[in-house]
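Inspection log for the structure reproduced underneath, given as structure tokens.
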Number of protein chains: 2
Amino acid sequence: MTLRGTARHRVVIVGSGFGGLFAAKSLGRAPATIEVTLISRTNHHLFQPLLYQVATGILSEGQIAPATRDVLKKKRNVFVELAEVTGFDLKARHVTAVQPGGRKVTLSYDSLIVAAGVGQSYFGHDEYAEWAPGMKTLADALDQRARILGAFEMAELENDPDVRRAWLTFVVVGGGPTGVEIAGQIAELSRRALKHDFRRFDSGGVRVLLFEGGPEILATFGDKLSGIATHELEKIGVEIRVNSIVAHIDADGVDVKGADGSVQHFAAKTKIWAAGVLASPLAKMLADATGAQCDRAGRIKVQPDCSLPGHPEVFVVGDMMNCNDLPGVAEVALQSGLHAAHVIRNRVRKGTKPTPWKYRDLGSMAAVDRRSAILSAHGVRLSGRIAWLMWLVVHITFMTGFKNRFTALIHWFLCFVGTSRLERAIVVDLDQLLAHDS
Amino acid sequence: MTLRGTARHRVVIVGSGFGGLFAAKSLGRAPATIEVTLISRTNHHLFQPLLYQVATGILSEGQIAPATRDVLKKKRNVFVELAEVTGFDLKARHVTAVQPGGRKVTLSYDSLIVAAGVGQSYFGHDEYAEWAPGMKTLADALDQRARILGAFEMAELENDPDVRRAWLTFVVVGGGPTGVEIAGQIAELSRRALKHDFRRFDSGGVRVLLFEGGPEILATFGDKLSGIATHELEKIGVEIRVNSIVAHIDADGVDVKGADGSVQHFAAKTKIWAAGVLASPLAKMLADATGAQCDRAGRIKVQPDCSLPGHPEVFVVGDMMNCNDLPGVAEVALQSGLHAAHVIRNRVRKGTKPTPWKYRDLGSMAAVDRRSAILSAHGVRLSGRIAWLMWLVVHITFMTGFKNRFTALIHWFLCFVGTSRLERAIVVDLDQLLAHDS
């Protein structure tokens, strides 16, 4: 690829998640002949795996979401722009975007890295979103915080025992890491942090239901770890129902279909959706333009070097990419972002041909509660306290910024060794969230 | 006052600010014959004087707003209820309120303490609120944070130098402590924290304008301290215009009338209103029902013991009370709340007659920037670093909760000794805030 007559090679990166940010960081170390523009809808780099801790009052927004331009401020060849990408012209090599306030702009590129991530999927039942919101953004997490802590407030106001019980029943749909972690934290919140806060009910009696469609939770971790996690969750009071498909959700509860086809109703005011993801609509646009395939989650199937067929200058990385069916986790996003940056840098500097991406699987983990986690890496399977400490080390490592790490450690100490949750302020209009229940 | 045939004396407190919270804390130490219900619209106790630090990315919401029921959890005779009080029946002795979701409820009381605070006042120009929002709630502060940090983002996207200049011009209306503190922090934000973050402009060139209608800023501190604060603010780049009345505000800027009657236009996309307050509408309801007077800010004039004429069982404390024209500051609210609790406790326990409230003036202070503050107490007037350290000690003292204090100290260290602002995440929809500018 030539530099097309310009002295600079312009790279546009879409998205400030792990894929986009690490690509920008890597290209920021490149010679100044490469000019990078990172476009994102948000002003921050979001550590999504910890969103559930914002939702349950453990961490503040800033701790899991440093300002993207702060992270990249020393990379003088990197521009950060706040805008939402709306389309691509792969022939003319430009990206169209809308800035806040509505102005439409066009950005030209020589190389493009698209890392726009995934949103929540309701498997064709988008109407569930109103009652069982997902958790993909900081605004989602603050909304969930209001719903979860607000439910306890509503229970304290309620005299009808059945309605109070519905306020004190929390339903989590989806037994993957996100579902497990939020269910575990709601249980610990009610039994520890809120233990002495209410006068009209015992928060230890709160019911947390975790529904999983498959035969076990955390299936990707294998039977043994799944069993251990199930046991740990049950110990702290989470009721796990496997082979349970959610058939209906409304303001008052959920209908759940068991393996035998029978449908059971659970009265629950608060529902959290952690069941499915759907790639950014940008994936389909790119697939349509290049003939690449999309999988059922809308993720685009990429070439071995993470580029698109016929477009070696366009890379798709992170959660919206399907490369050998790797899971949508931070580590995959980070490494694929770095790889795309690596290919571009070598091509510009030395004219090197692209090399295929090799994922180094560092393993996967999920925190179950404040004392135990499960971890699977290179055939080694760990659980309990040691796994929890490794969870902590890994999460601190992947947080961006020394100060975020430092203050997050303090909050974790206060929450997990003590019982305090410092971020319990409800900042959204609870009345509006609950208006449909009146 | 008799116990009206019941074994318990029911106290209802309206509001979880300094007045309401400290009244509840004090009555929580009383014998269990007193039963307290604290009703508030929010689930937290808000340390309003530090809201500007949430708006400028220094502190998180939780640090200045602990959950009210967490603060009061050991007071077993105190109930905390989330609801908005809508009216009073002083004859029947009950309070009407609306719970989240819309249900109306009635609460009976034997004694009532109303501490519902103040809102922003635009002196008859409520249309300014859209362009120059005030800062009274956590949601306001998060909105301001989005506007302030968003303005820098918009400037980075802008090619027209005039429009970029308007994005980089910040107008603060009102030269009291709040106006001074927010203006100082915007100046420090642009010159220190954001110094290396932008590529298309020098954030050191940002213009911060502070308009004050009177002849000097911080007038209550006296000429000398006012002069010092003016000098310090000008040193960090704040332009102060006294004798300047804001005559018009819209999306693009402000019109300001000088002492000579001439009107000048300033192009500024971001405006912050810190000019006036108006008491909660509950003040007028209570005044109408009791014949008490309200002042120009809608604050109700109370009896010497903070009660209402003809209703020794009803107390009004804090910002919505006018007692000897004391200013609406945290210390007045706190002490008047404690006094009302004291009168009620003595009356119930010993039948003692109410004593008049005596305000112990501990002085007042305002932070100018990260190195200097001004302080006026008992005729002593201090400025500079020593005053700043005292500002820090006093604010740490009045924060509620050891952990909030501890983590706030860390954030202050990182921000004022270092240059980091940890809470820069924009969590509201910037597009919606700016839609009118497109």
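Scheme for the structure tokens: letters A, B, ... for chains in order shown; per-chain residue numbers from 1; ligand numbers from 1 in order shown.
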With 6 Å as the limit and counting only C-alpha atoms, what residues in chain B lie close to chain A? Please list them as a PDB file with N, CA, C and O atoms, in the first residue's frame.
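Generated file (out-v1.pdb):
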```
ATOM      1  N   HIS B  44     -29.704  10.230  49.397  1.00  0.00           N
ATOM      2  CA  HIS B  44     -28.398  10.578  49.945  1.00  0.00           C
ATOM      3  C   HIS B  44     -28.428  11.908  50.687  1.00  0.00           C
ATOM      4  O   HIS B  44     -29.311  12.739  50.493  1.00  0.00           O
ATOM      5  N   GLY B  62     -20.504   9.668  45.117  1.00  0.00           N
ATOM      6  CA  GLY B  62     -20.564   9.008  46.419  1.00  0.00           C
ATOM      7  C   GLY B  62     -19.725   9.713  47.473  1.00  0.00           C
ATOM      8  O   GLY B  62     -20.066   9.693  48.659  1.00  0.00           O
ATOM      9  N   ALA B  67     -25.224   7.535  51.373  1.00  0.00           N
ATOM     10  CA  ALA B  67     -26.632   7.146  51.517  1.00  0.00           C
ATOM     11  C   ALA B  67     -27.109   7.561  52.906  1.00  0.00           C
ATOM     12  O   ALA B  67     -26.468   7.269  53.910  1.00  0.00           O
ATOM     13  N   ARG B  69     -29.549   6.519  54.713  1.00  0.00           N
ATOM     14  CA  ARG B  69     -29.853   5.445  55.662  1.00  0.00           C
ATOM     15  C   ARG B  69     -28.580   4.734  56.124  1.00  0.00           C
ATOM     16  O   ARG B  69     -28.591   4.083  57.167  1.00  0.00           O
ATOM     17  N   LYS B  73     -27.853   4.308  60.088  1.00  0.00           N
ATOM     18  CA  LYS B  73     -28.261   2.915  60.304  1.00  0.00           C
ATOM     19  C   LYS B  73     -28.208   2.475  61.760  1.00  0.00           C
ATOM     20  O   LYS B  73     -28.957   1.597  62.162  1.00  0.00           O
ATOM     21  N   PRO B 100     -41.930   7.542  45.099  1.00  0.00           N
ATOM     22  CA  PRO B 100     -41.528   7.265  43.715  1.00  0.00           C
ATOM     23  C   PRO B 100     -42.533   6.288  43.096  1.00  0.00           C
ATOM     24  O   PRO B 100     -42.919   5.322  43.743  1.00  0.00           O
ATOM     25  N   GLY B 101     -42.954   6.587  41.890  1.00  0.00           N
ATOM     26  CA  GLY B 101     -43.988   5.772  41.264  1.00  0.00           C
ATOM     27  C   GLY B 101     -45.357   6.402  41.375  1.00  0.00           C
ATOM     28  O   GLY B 101     -46.294   5.986  40.713  1.00  0.00           O
ATOM     29  N   GLY B 102     -45.494   7.435  42.240  1.00  0.00           N
ATOM     30  CA  GLY B 102     -46.707   8.240  42.233  1.00  0.00           C
ATOM     31  C   GLY B 102     -47.697   8.014  43.359  1.00  0.00           C
ATOM     32  O   GLY B 102     -48.694   8.723  43.454  1.00  0.00           O
ATOM     33  N   ALA B 139     -27.518  15.378  40.002  1.00  0.00           N
ATOM     34  CA  ALA B 139     -27.827  15.339  38.569  1.00  0.00           C
ATOM     35  C   ALA B 139     -27.392  16.644  37.909  1.00  0.00           C
ATOM     36  O   ALA B 139     -26.832  16.633  36.799  1.00  0.00           O
ATOM     37  N   HIS B 196      -2.327  18.977  28.252  1.00  0.00           N
ATOM     38  CA  HIS B 196      -1.733  18.239  27.138  1.00  0.00           C
ATOM     39  C   HIS B 196      -2.755  17.405  26.376  1.00  0.00           C
ATOM     40  O   HIS B 196      -2.390  16.522  25.612  1.00  0.00           O
ATOM     41  N   ASP B 197      -4.040  17.690  26.597  1.00  0.00           N
ATOM     42  CA  ASP B 197      -5.063  16.781  26.083  1.00  0.00           C
ATOM     43  C   ASP B 197      -5.550  17.114  24.680  1.00  0.00           C
ATOM     44  O   ASP B 197      -6.154  16.274  24.032  1.00  0.00           O
ATOM     45  N   LEU B 422      -9.900  12.508  38.390  1.00  0.00           N
ATOM     46  CA  LEU B 422     -10.263  11.109  38.146  1.00  0.00           C
ATOM     47  C   LEU B 422     -11.672  10.940  37.607  1.00  0.00           C
ATOM     48  O   LEU B 422     -11.998   9.899  37.066  1.00  0.00           O
ATOM     49  N   GLU B 423     -12.516  11.952  37.796  1.00  0.00           N
ATOM     50  CA  GLU B 423     -13.925  11.756  37.457  1.00  0.00           C
ATOM     51  C   GLU B 423     -14.314  12.600  36.244  1.00  0.00           C
ATOM     52  O   GLU B 423     -15.108  13.518  36.326  1.00  0.00           O
ATOM     53  N   ARG B 424     -13.729  12.261  35.100  1.00  0.00           N
ATOM     54  CA  ARG B 424     -14.008  13.022  33.894  1.00  0.00           C
ATOM     55  C   ARG B 424     -15.025  12.349  32.981  1.00  0.00           C
ATOM     56  O   ARG B 424     -15.323  12.868  31.893  1.00  0.00           O
ATOM     57  N   ALA B 425     -15.563  11.212  33.389  1.00  0.00           N
ATOM     58  CA  ALA B 425     -16.511  10.507  32.516  1.00  0.00           C
ATOM     59  C   ALA B 425     -17.793  11.318  32.335  1.00  0.00           C
ATOM     60  O   ALA B 425     -18.401  11.762  33.309  1.00  0.00           O
ATOM     61  N   VAL B 427     -21.506  11.181  31.654  1.00  0.00           N
ATOM     62  CA  VAL B 427     -22.483  10.096  31.778  1.00  0.00           C
ATOM     63  C   VAL B 427     -23.878  10.500  31.317  1.00  0.00           C
ATOM     64  O   VAL B 427     -24.795   9.695  31.346  1.00  0.00           O
ATOM     65  N   ASP B 431     -25.330  14.769  23.367  1.00  0.00           N
ATOM     66  CA  ASP B 431     -26.036  15.115  22.153  1.00  0.00           C
ATOM     67  C   ASP B 431     -27.337  15.848  22.462  1.00  0.00           C
ATOM     68  O   ASP B 431     -27.696  16.819  21.801  1.00  0.00           O
ATOM     69  N   LEU B 434     -26.710  19.384  23.662  1.00  0.00           N
ATOM     70  CA  LEU B 434     -26.229  20.313  22.645  1.00  0.00           C
ATOM     71  C   LEU B 434     -27.149  20.405  21.443  1.00  0.00           C
ATOM     72  O   LEU B 434     -26.876  21.151  20.514  1.00  0.00           O
ATOM     73  N   ALA B 435     -28.236  19.632  21.456  1.00  0.00           N
ATOM     74  CA  ALA B 435     -29.070  19.510  20.258  1.00  0.00           C
ATOM     75  C   ALA B 435     -29.500  20.870  19.720  1.00  0.00           C
ATOM     76  O   ALA B 435     -29.567  21.087  18.516  1.00  0.00           O
ATOM     77  N   ASP B 437     -27.884  23.471  19.536  1.00  0.00           N
ATOM     78  CA  ASP B 437     -26.815  24.238  18.887  1.00  0.00           C
ATOM     79  C   ASP B 437     -26.557  23.794  17.456  1.00  0.00           C
ATOM     80  O   ASP B 437     -25.729  24.382  16.775  1.00  0.00           O
ATOM     81  N   SER B 438     -27.222  22.725  17.029  1.00  0.00           N
ATOM     82  CA  SER B 438     -26.866  22.153  15.722  1.00  0.00           C
ATOM     83  C   SER B 438     -27.318  23.051  14.581  1.00  0.00           C
ATOM     84  O   SER B 438     -28.178  23.900  14.758  1.00  0.00           O
TER      85      SER B 438
END
```
### Non-local contacts of stretch 348-357 of chain B (6 Å; only C-alpha atoms; under 5 positions in same chain excluded) as a PyMOL selection string
chain B and resi 304-305+343
### Interatomic distance, atom CA of B:Arg381 to atom CA of B:Leu362 (Å, one decimal)
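Taking atom CA of B:Arg381 as the start and atom CA of B:Leu362 as the end point, the length is 12.4 Å.
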### Task
Using DSSP on the backbone, list every residue of stretch 296-364 of chain A that comes out as strand (DSSP E or B), and give them as an NGL selection string.
:A and (300-301 or 307-308 or 311-316 or 321-322 or 364)
### Task
With a distance cut-off of 6 Å and only C-alpha atoms, select the neighbouring residues of stretch 171-174 of chain A, excluding the residue or stretch itself and same-chain residues fewer than 6 positions from it, and output the selection as a list in words.
Leu209, Leu210, Phe211, Glu212, Lys271, Ile272, Trp273, Ala274 and Ala275 of chain A
### Query
What's the 6 Å shell around stretch 111-126 of chain B, counting only C-alpha atoms, without same-chain residues fewer than 3 positions away, as JSON, numbers by chain?
{"B": [11, 12, 13, 14, 15, 19, 20, 129, 276, 277, 278, 279, 280, 313, 314, 315, 316, 317, 318, 319, 320]}
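By only C-alpha atoms, and with residues fewer than 6 positions from stretch 254-263 of chain A along its chain excluded, the set lying at most 6 Å from it is Asn243, Ser244, Ile245, Val246, Ala247 and His248 of chain A.
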Output N, CA, C and O atoms of each residue in that selection to a file, as a PDB file, in the first residue's frame.
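The resulting file, out.pdb, is reproduced below:
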```pdb
ATOM      1  N   ASN A 243     -31.485 -24.674  32.660  1.00  0.00           N
ATOM      2  CA  ASN A 243     -32.480 -25.142  31.683  1.00  0.00           C
ATOM      3  C   ASN A 243     -33.762 -24.317  31.774  1.00  0.00           C
ATOM      4  O   ASN A 243     -34.860 -24.847  31.640  1.00  0.00           O
ATOM      5  N   SER A 244     -33.603 -23.056  32.035  1.00  0.00           N
ATOM      6  CA  SER A 244     -34.768 -22.192  32.247  1.00  0.00           C
ATOM      7  C   SER A 244     -34.746 -21.052  31.235  1.00  0.00           C
ATOM      8  O   SER A 244     -33.849 -20.208  31.259  1.00  0.00           O
ATOM      9  N   ILE A 245     -35.741 -21.068  30.362  1.00  0.00           N
ATOM     10  CA  ILE A 245     -35.820 -20.040  29.326  1.00  0.00           C
ATOM     11  C   ILE A 245     -36.847 -18.992  29.748  1.00  0.00           C
ATOM     12  O   ILE A 245     -37.976 -19.333  30.079  1.00  0.00           O
ATOM     13  N   VAL A 246     -36.443 -17.738  29.737  1.00  0.00           N
ATOM     14  CA  VAL A 246     -37.380 -16.669  30.077  1.00  0.00           C
ATOM     15  C   VAL A 246     -38.339 -16.470  28.904  1.00  0.00           C
ATOM     16  O   VAL A 246     -37.913 -16.188  27.779  1.00  0.00           O
ATOM     17  N   ALA A 247     -39.618 -16.679  29.169  1.00  0.00           N
ATOM     18  CA  ALA A 247     -40.618 -16.667  28.099  1.00  0.00           C
ATOM     19  C   ALA A 247     -41.391 -15.356  28.049  1.00  0.00           C
ATOM     20  O   ALA A 247     -42.023 -15.034  27.037  1.00  0.00           O
ATOM     21  N   HIS A 248     -41.348 -14.596  29.137  1.00  0.00           N
ATOM     22  CA  HIS A 248     -42.074 -13.320  29.152  1.00  0.00           C
ATOM     23  C   HIS A 248     -41.526 -12.454  30.293  1.00  0.00           C
ATOM     24  O   HIS A 248     -41.196 -12.956  31.356  1.00  0.00           O
TER      25      HIS A 248
END
```
### Message
I'd like the interatomic distance between atom CA of A:Ala132 and atom CA of A:Gln185, to a tenth of an Å.
### Response
17.2 Å
